[in-house]
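Below: one structure, written as structure tokens.
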Amino acid sequence: MLNFIYYPVSFILWVWHKAFGYLFGEASGITWALAVIFLVFTLRAILYKPFVGQVRSMRKMQEFQPEIAKLRKKYANDRQKQAEEMQKLQKEHGVNPVAGCLPVLVQVPVFIGLFHVLREFGPVLPNGAPRTENYFFDAKGVESFNDASFFGAKLGAWIVNPKPPLDVLGTTVAHQLIPMIPLMIMAGIFTHITARHSVARQTAAQGENPQTAIMNKLMLYVFPIGVVVGAPFLPLAVLLYWVSNNLWTLGQQYVVYRRIDAEESTKREQAATTRQALAPRPGQKPVRPEPTVEEPTAKRPGAKPVARKPTTPSKPTAASTNGASNGTTPAATPTAAAGGDGSVANGDGSVPNGATSANSTAGDSAKSPRSGGVTRSPARRPRKRR
């Protein structure tokens with residue numbers, strides 16, 4: 001049923017067994033142990049890029065977590081609208097929640113496939129007939145796996161309810177516990193350290209969430225204890241797989257998180273440098289942008305013309321109008337001995353009979369259009385004597 005998982009897992013195990021078989025021999029327990037360990041490393045190396053995408057997706061989810069909280073509060077009574085707005089927000093930020101779960105989802109079938117392949121290495125079939133093949137392994141490979149010993153223990157045997165029995169495989173419970181006890185302790189410790197490293201990357205808002213707090217306690221304490229307690233129910237090769245998988249995860253988290261932290265630190269420094277370069281210096285007058293002059297828009301065909309108000313010129317004086325019409329420049333009135341009232345007088349200060357005032361003369365000359373003489377400015381009106 002799950003042959004599409006069993007065959008790839010057995011093929012990778014077969015390749016590494018052949019590679020290390022040239023160094024330590026195909027029937028050596030170290031060869032089979034290294035083949036299982038590098039099977040894990042191969043699968044995790046294939047999943048390296050999805051893991052990096054998972055970390056980046058989690059970082060982006062943390063960045064717009066306040067916006068998600070606002071959407072949950074805004075559409076608390078409309079679950080469908082809330083889900084639509086959440087998907088829209090995730091699409092705008094380029095976040096794919098499925099990508100964050102991909103490495104975990106892939107590891108589960110790999111674990112199932114490895115467990116099944118190792119269990120099928122038994123020397124006999126359920127009907128009692130000898131086993132002649134195990135997916136990519138032939139009868140010689142099956143015999144090599146069953147004869148190999150890892151510090152006196154068999155990689156395909158487990159302590160509780162073993163099938164086939166331990167005496168058939170040529171080992172005892174004591175021999176199985178010699179490598180299993182340290183591996184059980186290492187598996188529990190690495191599981192706890194990996195979980196602690198993941199919890200330390202969470203924000204304060206995530207830690208205050210009750211559901212997240214419960215999951216953190218499960219990851220930190222329940223899962224490591226579960227690995228230690230459940231180890232006797234697993235084959236020794238599966239326990240090797242678990243230890244090497246947690247060891248790879250711990251190192252991968254350290255490298256990836258350090259790399260992403262360095263990238264984000266560089267981006268923050270560049271943003272700060274850009275802000276400092278654009279900010280005005282202390283005491284410097286800020287430069288305001290000049291207003292843009294709007295260009296006159298072209299008239300549309302059939303549009304009604306806009307009538308503009310004509311500018312009213314200043315009213316010209318009579319003297320300037322007359323002077324401009326005669327083409328001459330107004331000249332100053334010849335100075336005579338003037339009295340205080342502005343009348344023209346003789347040398348002795350008397351006013352000759354029949355003489356008109358300078359005001360009337362100048363007014364007539366200014367008003368007469370036929371006057372060819374010099375245009376004079378109107379004189380000041382004389383005061384009446386009491």
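In the structure tokens, the first chain shown is A, the next is B, and so on; residue numbers restart at 1 for each chain, and ligands run from 1 in the order shown.
Summary of the local environment: counting only C-alpha atoms, residues at most 8 Å from Trp248 in chain A, other than itself and those fewer than 3 positions away along its chain, are Phe41, Arg44, Ser244, Asn245, Gly251 and Gln252 of chain A.
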Looking at only C-alpha atoms, which of A:Phe38, A:Trp32, A:Phe4, A:Phe24 is the one that sits closest to Asp147 in chain A?
A:Trp32
Would you give me, as number ranges by chain, the residues in range 29-242 of chain A that DSSP reads as alpha helix (DSSP H)?
A: 29-46, 48-63, 65-74, 79-93, 97-119, 139-147, 166-169, 173-200, 204-208, 210-217, 223-230, 236-242
Quick one: residues within 8 Å of range 140-145 of chain A, only C-alpha atoms counted, chain neighbours fewer than 4 positions away excluded, as a list in words?
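Within the cut-off, the hits are Glu26, Ala27, Trp32, Phe121, Gly122, Pro123, Arg131, Thr132, Glu133, Asn134, Leu155 and Gly156 of chain A.
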